[in-house]
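**Q** My structure is in run34.txt, and what it holds is compact mmCIF, C-alpha atoms and all ligand atoms:
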```txt
# COMPACT_ATOMS: atom_id res chain seq x y z
CA MET A 1 0.00 0.00 0.00
CA VAL A 2 1.28 3.43 -0.92
CA ARG A 3 1.70 5.57 2.20
CA LYS A 4 1.87 9.32 2.52
CA VAL A 5 5.41 10.68 2.44
CA VAL A 6 6.09 13.04 5.33
CA ARG A 7 7.51 16.39 4.25
CA TYR A 8 10.35 18.21 5.93
CA LEU A 9 9.21 20.73 8.58
CA ASN A 10 5.72 19.23 8.73
CA ASN A 11 6.60 16.41 11.13
CA PRO A 12 9.46 16.19 13.66
CA VAL A 13 9.86 12.43 12.96
CA LEU A 14 12.25 13.35 10.13
CA GLU A 15 14.68 14.93 12.59
CA GLN A 16 14.57 12.23 15.24
CA ILE A 17 16.76 9.19 15.76
CA ALA A 18 14.79 6.12 14.71
CA GLU A 19 14.48 3.06 16.96
CA PRO A 20 16.26 -0.22 16.18
CA VAL A 21 14.14 -3.09 14.91
CA THR A 22 14.15 -5.91 17.47
CA GLU A 23 11.52 -8.31 16.08
CA PHE A 24 12.15 -9.88 12.70
CA ASP A 25 10.16 -11.84 10.16
CA THR A 26 6.87 -10.53 11.53
CA PRO A 27 3.86 -9.79 9.30
CA GLU A 28 4.16 -6.12 10.34
CA LEU A 29 7.79 -5.88 9.23
CA HIS A 30 7.08 -7.63 5.91
CA GLN A 31 4.14 -5.29 5.29
CA LEU A 32 6.18 -2.22 6.20
CA ILE A 33 8.80 -3.17 3.61
CA VAL A 34 6.20 -3.84 0.89
CA ASP A 35 4.56 -0.49 1.66
CA MET A 36 7.90 1.29 1.59
CA PHE A 37 8.76 -0.08 -1.87
CA ASP A 38 5.26 0.76 -3.15
CA THR A 39 5.58 4.30 -1.81
CA MET A 40 9.10 4.76 -3.16
CA TYR A 41 8.26 3.53 -6.69
CA LYS A 42 5.08 5.63 -6.82
CA ALA A 43 7.15 8.71 -5.98
CA HIS A 44 9.89 7.73 -8.50
CA GLY A 45 12.52 7.60 -5.78
CA VAL A 46 15.56 5.34 -5.47
CA GLY A 47 15.41 5.06 -1.69
CA LEU A 48 13.09 5.55 1.25
CA ALA A 49 13.55 5.44 5.01
CA ALA A 50 10.76 4.40 7.40
CA PRO A 51 10.61 7.81 9.17
CA GLN A 52 9.55 9.26 5.81
CA ILE A 53 6.26 7.40 6.18
CA ASP A 54 6.06 8.35 9.86
CA VAL A 55 7.45 5.07 11.21
CA ALA A 56 10.38 5.81 13.53
CA LYS A 57 12.20 2.51 12.89
CA ARG A 58 15.63 1.80 11.47
CA VAL A 59 14.47 0.41 8.14
CA THR A 60 15.36 1.64 4.65
CA VAL A 61 14.63 0.36 1.17
CA ILE A 62 16.68 1.15 -1.92
CA ASP A 63 16.39 0.37 -5.61
CA THR A 64 18.80 2.38 -7.73
CA THR A 65 16.84 1.46 -10.87
CA GLY A 66 13.94 3.46 -9.39
CA GLY A 67 11.48 0.85 -10.65
CA ASP A 68 12.39 1.53 -14.30
CA GLU A 69 10.52 -1.16 -16.25
CA GLU A 70 13.42 -1.53 -18.70
CA GLU A 71 15.69 -2.75 -15.92
CA GLU A 72 15.60 -5.64 -13.49
CA PRO A 73 14.67 -4.37 -10.03
CA GLU A 74 17.51 -4.35 -7.53
CA GLN A 75 15.67 -4.26 -4.26
CA LEU A 76 17.79 -3.75 -1.20
CA VAL A 77 16.42 -3.75 2.35
CA LEU A 78 18.67 -2.45 5.11
CA ILE A 79 17.51 -2.95 8.71
CA ASN A 80 19.52 -1.49 11.59
CA PRO A 81 22.25 -0.52 9.10
CA GLN A 82 25.71 0.68 10.10
CA VAL A 83 28.26 2.27 7.81
CA ILE A 84 31.46 0.36 8.43
CA LEU A 85 33.75 1.73 5.72
CA THR A 86 33.81 4.58 3.25
CA ASP A 87 36.31 5.54 0.60
CA GLY A 88 36.78 8.33 -1.92
CA LYS A 89 34.48 11.22 -2.69
CA GLN A 90 31.78 12.06 -5.19
CA THR A 91 29.73 15.21 -5.62
CA GLY A 92 26.35 14.99 -7.30
CA GLU A 93 22.86 16.44 -7.27
CA GLU A 94 20.75 14.98 -4.52
CA GLY A 95 17.09 15.25 -3.72
CA CYS A 96 14.74 13.75 -1.15
CA LEU A 97 11.12 12.62 -1.36
CA SER A 98 10.50 14.58 1.86
CA ILE A 99 11.84 17.77 0.28
CA PRO A 100 10.34 17.60 -3.23
CA GLY A 101 11.39 20.21 -5.76
CA PHE A 102 14.76 20.94 -4.18
CA ARG A 103 17.96 19.39 -5.49
CA GLU A 104 21.47 20.42 -4.55
CA PRO A 105 24.99 19.09 -5.02
CA VAL A 106 26.04 16.98 -2.04
CA ARG A 107 29.42 15.44 -1.39
CA ARG A 108 29.33 11.77 -0.40
CA PRO A 109 31.82 8.90 -0.26
CA LYS A 110 32.37 7.21 -3.63
CA ILE A 111 32.28 3.79 -2.00
CA ALA A 112 30.45 2.72 1.13
CA THR A 113 30.31 -0.61 2.93
CA VAL A 114 27.28 -1.15 5.14
CA ARG A 115 26.46 -3.90 7.61
CA ALA A 116 22.76 -4.48 8.10
CA GLN A 117 20.13 -7.04 8.98
CA ASP A 118 17.66 -8.49 6.51
CA VAL A 119 13.96 -9.06 7.13
CA LYS A 120 14.78 -12.31 8.97
CA GLY A 121 17.38 -10.63 11.15
CA GLU A 122 20.41 -12.12 9.37
CA TRP A 123 23.41 -9.81 9.26
CA PHE A 124 25.04 -9.15 5.88
CA GLU A 125 27.46 -6.70 4.32
CA ILE A 126 27.08 -4.78 1.11
CA THR A 127 29.52 -2.49 -0.68
CA GLY A 128 28.10 0.09 -3.05
CA GLU A 129 29.73 2.55 -5.42
CA ASP A 130 28.48 5.79 -6.95
CA LEU A 131 24.66 6.00 -6.84
CA LEU A 132 24.29 3.00 -4.50
CA ALA A 133 26.86 4.46 -2.08
CA ARG A 134 25.07 7.81 -2.23
CA ALA A 135 21.64 6.23 -1.69
CA MET A 136 22.82 4.15 1.28
CA MET A 137 24.46 7.17 2.95
CA HIS A 138 21.37 9.34 2.34
CA GLU A 139 18.95 6.74 3.72
CA ILE A 140 21.08 5.89 6.75
CA ASP A 141 21.28 9.63 7.49
CA HIS A 142 17.46 9.62 7.63
CA LEU A 143 17.55 7.02 10.42
CA ASN A 144 19.68 9.44 12.43
CA GLY A 145 17.34 12.37 11.80
CA ILE A 146 19.68 13.92 9.24
CA LEU A 147 18.47 15.33 5.93
CA PHE A 148 20.63 16.18 2.93
CA LEU A 149 20.15 19.84 3.81
CA SER A 150 22.57 19.26 6.72
CA HIS A 151 25.31 18.71 4.15
CA LEU A 152 24.75 22.13 2.52
CA SER A 153 26.10 25.49 3.63
CA ALA A 154 24.06 27.25 6.33
CA LEU A 155 23.22 29.95 3.78
CA LYS A 156 21.77 27.51 1.27
CA ARG A 157 19.97 25.55 3.96
CA ASP A 158 18.31 28.67 5.37
CA LEU A 159 17.27 29.79 1.90
CA ILE A 160 15.57 26.45 1.25
CA LYS A 161 13.93 26.51 4.70
CA ARG A 162 12.53 29.97 3.99
CA LYS A 163 11.14 28.82 0.64
CA ILE A 164 9.51 25.81 2.33
CA ARG A 165 7.93 28.00 5.02
CA LYS A 166 6.44 30.16 2.28
CA LEU A 167 5.04 27.09 0.55
CA GLN A 168 3.63 25.92 3.89
CA LYS A 169 1.88 29.25 4.41
CA ALA A 170 0.46 29.09 0.91
CA GLY A 171 -0.87 25.59 1.66
CA GLU A 172 1.35 24.14 -1.07
CA TRP A 173 3.45 21.91 1.16
CA GLU A 174 1.46 19.02 2.57
NI NI B 201 15.57 11.42 1.59
```
Go ahead and express the file in the form of structure tokens.
**A**
Amino acid sequence: MVRKVVRYLNNPVLEQIAEPVTEFDTPELHQLIVDMFDTMYKAHGVGLAAPQIDVAKRVTVIDTTGGDEEEEPEQLVLINPQVILTDGKQTGEEGCLSIPGFREPVRRPKIATVRAQDVKGEWFEITGEDLLARAMMHEIDHLNGILFLSHLSALKRDLIKRKIRKLQKAGEWE
């Protein structure tokens, strides 16, 4: 089921530290993951974190194909993820489904290795480069209440915040 994506400044859940998942392989967890993929594909995103649908749990889903029908899906579920290694740098435009309409260059590691649990609670490691590294870093940030705006200069961040507040007042940010 497609859920509503929470927008930045409308709900403090986006700036809170999410809780670890402690129960695995439950119907609720399976459903959460299905709903997160549905919501992400509907919004044409490549990643989504549970707080973005108002669930303060350490769960993220990623598919760098973005659900493109020409490509095989590459669904990745990261539960309780930890970044264990990063290497290199890349700078590229980044956006967020919780901050639609705003994209800015963000510097991220070129390569990231993450340790996470799967839906059954099994630990695994994954190393991603380029877009996958960027997506994993962005989504894991969400679980720590950090948005990509935190990686911008204070000037740019404040400008975007002001624009969002205007949209809120105009009822165009819900
Ligand atoms: Ni995001």
**Q** Looking at A:Ile126, A:Leu155, A:Cys96, A:Leu143, which one is nearest to Ala56 of chain A, with distances taken over all atoms listed in the file?
**A**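 Once distances to Ala56 of chain A are computed over all atoms listed in the file, the minimum belongs to A:Leu143.
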**Q** Figure out the distance between atom CA of Glu122 of chain A and atom CA of Val21 of chain A, please, to one decimal in Å.
**A** 12.3 Å
**Q** Go through A:Gly67, A:Pro12, A:Gly92, A:Gly171 and flag the residue nearest Met40 of chain A, using only C-alpha atoms for the distances.
**A** A:Gly67
**Q** Give one line per residue of chain A that approaches ligand NI 201 (chain B) to at most 9 Å, naming the two atoms of the closest pair and their distance in Å to one decimal, counting only C-alpha atoms and all ligand atoms; sort by chain then ascending residue number and deliver it as a Markdown table.
**A**
```
| residue | atom | partner | partner_atom | distance |
| --- | --- | --- | --- | --- |
| A:Gly45 | CA | B:NI201 | NI | 8.8 |
| A:Gly47 | CA | B:NI201 | NI | 7.2 |
| A:Leu48 | CA | B:NI201 | NI | 6.4 |
| A:Ala49 | CA | B:NI201 | NI | 7.2 |
| A:Gln52 | CA | B:NI201 | NI | 7.7 |
| A:Glu94 | CA | B:NI201 | NI | 8.8 |
| A:Gly95 | CA | B:NI201 | NI | 6.7 |
| A:Cys96 | CA | B:NI201 | NI | 3.7 |
| A:Leu97 | CA | B:NI201 | NI | 5.5 |
| A:Ser98 | CA | B:NI201 | NI | 6.0 |
| A:Ile99 | CA | B:NI201 | NI | 7.5 |
| A:Ala135 | CA | B:NI201 | NI | 8.6 |
| A:His138 | CA | B:NI201 | NI | 6.2 |
| A:Glu139 | CA | B:NI201 | NI | 6.2 |
| A:Asp141 | CA | B:NI201 | NI | 8.4 |
| A:His142 | CA | B:NI201 | NI | 6.6 |
| A:Leu147 | CA | B:NI201 | NI | 6.5 |
| A:Phe148 | CA | B:NI201 | NI | 7.1 |
```
**Q** Just the residues within 7 Å of segment 74-89 of chain A, please, counting all atoms listed in the file, with nothing from its chain fewer than 6 positions along; format it as a PyMOL selection string.
**A** chain A and resi 20-21+58-65+107-118+140
**Q** Atoms to include: C-alpha atoms. Write the selected residues as a PDB file, keeping the file's coordinate frame.
**A**
```pdb
ATOM      1  CA  PRO A  20      16.260  -0.220  16.180  1.00  0.00           C
ATOM      2  CA  VAL A  21      14.140  -3.090  14.910  1.00  0.00           C
ATOM      3  CA  ARG A  58      15.630   1.800  11.470  1.00  0.00           C
ATOM      4  CA  VAL A  59      14.470   0.410   8.140  1.00  0.00           C
ATOM      5  CA  THR A  60      15.360   1.640   4.650  1.00  0.00           C
ATOM      6  CA  VAL A  61      14.630   0.360   1.170  1.00  0.00           C
ATOM      7  CA  ILE A  62      16.680   1.150  -1.920  1.00  0.00           C
ATOM      8  CA  ASP A  63      16.390   0.370  -5.610  1.00  0.00           C
ATOM      9  CA  THR A  64      18.800   2.380  -7.730  1.00  0.00           C
ATOM     10  CA  THR A  65      16.840   1.460 -10.870  1.00  0.00           C
ATOM     11  CA  ARG A 107      29.420  15.440  -1.390  1.00  0.00           C
ATOM     12  CA  ARG A 108      29.330  11.770  -0.400  1.00  0.00           C
ATOM     13  CA  PRO A 109      31.820   8.900  -0.260  1.00  0.00           C
ATOM     14  CA  LYS A 110      32.370   7.210  -3.630  1.00  0.00           C
ATOM     15  CA  ILE A 111      32.280   3.790  -2.000  1.00  0.00           C
ATOM     16  CA  ALA A 112      30.450   2.720   1.130  1.00  0.00           C
ATOM     17  CA  THR A 113      30.310  -0.610   2.930  1.00  0.00           C
ATOM     18  CA  VAL A 114      27.280  -1.150   5.140  1.00  0.00           C
ATOM     19  CA  ARG A 115      26.460  -3.900   7.610  1.00  0.00           C
ATOM     20  CA  ALA A 116      22.760  -4.480   8.100  1.00  0.00           C
ATOM     21  CA  GLN A 117      20.130  -7.040   8.980  1.00  0.00           C
ATOM     22  CA  ASP A 118      17.660  -8.490   6.510  1.00  0.00           C
ATOM     23  CA  ILE A 140      21.080   5.890   6.750  1.00  0.00           C
TER      24      ILE A 140
END
```
**Q** Would you mind telling me which residue in A:Leu9, A:Ala170, A:Pro105, A:Arg134 lies nearest to Leu152 of chain A when using only C-alpha atoms?
**A**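 Checking each candidate against Leu152 of chain A, we get A:Pro105 as the closest.
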**Q** State, in Å with one decimal place, the distance from atom CA of Ile17 of chain A to atom CA of Lys166 of chain A.
**A**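 So the two atoms, atom CA of Ile17 of chain A and atom CA of Lys166 of chain A, lie 27.0 Å apart.
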**Q** Could you check the closest approach to Met136 of chain A for each of A:Thr39, A:Ser153, A:Val46, A:Gln16 and tell me which residue wins, using only C-alpha atoms?
**A**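 For Met136 of chain A, the nearest of the given residues is A:Val46.
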**Q** So that I can see what lies close to Asp25 of chain A, please list as a list in words the residues with an atom at most 7 Å from it, counting only C-alpha atoms and leaving out residues fewer than 2 positions away in the same chain.
**A**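 The residues satisfying every condition are Pro27, Leu29, His30, Val119 and Lys120 of chain A.
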**Q** Given the selection you just returned, output its residues as a file containing C-alpha atoms, formatted as an mmCIF file, keeping the file's coordinate frame.
**A**
```
data_model
loop_
_atom_site.group_PDB
_atom_site.id
_atom_site.type_symbol
_atom_site.label_atom_id
_atom_site.label_comp_id
_atom_site.auth_asym_id
_atom_site.auth_seq_id
_atom_site.Cartn_x
_atom_site.Cartn_y
_atom_site.Cartn_z
ATOM 1 C CA PRO A 27 3.860 -9.790 9.300
ATOM 2 C CA LEU A 29 7.790 -5.880 9.230
ATOM 3 C CA HIS A 30 7.080 -7.630 5.910
ATOM 4 C CA VAL A 119 13.960 -9.060 7.130
ATOM 5 C CA LYS A 120 14.780 -12.310 8.970
#
```
**Q** With distances taken over all atoms listed in the file, which of A:Leu131, A:Val55, A:Leu32, A:Val13 is nearest to Ile146 of chain A?
**A**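 Closest residue, counting all atoms listed in the file: A:Val13.
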**Q** Restricting the calculation to only C-alpha atoms: of A:Ala133, A:Lys4, A:Asp54, A:Asn10, which residue gets closest to Arg165 of chain A?
**A**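 The answer is A:Asn10, which sits nearest to Arg165 of chain A.
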**Q** Between atom CA of Lys156 of chain A and atom CA of Arg103 of chain A, what distance in Å does the model show, to one decimal?
**A**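 Rounded to one decimal, the two atoms are 11.2 Å apart.
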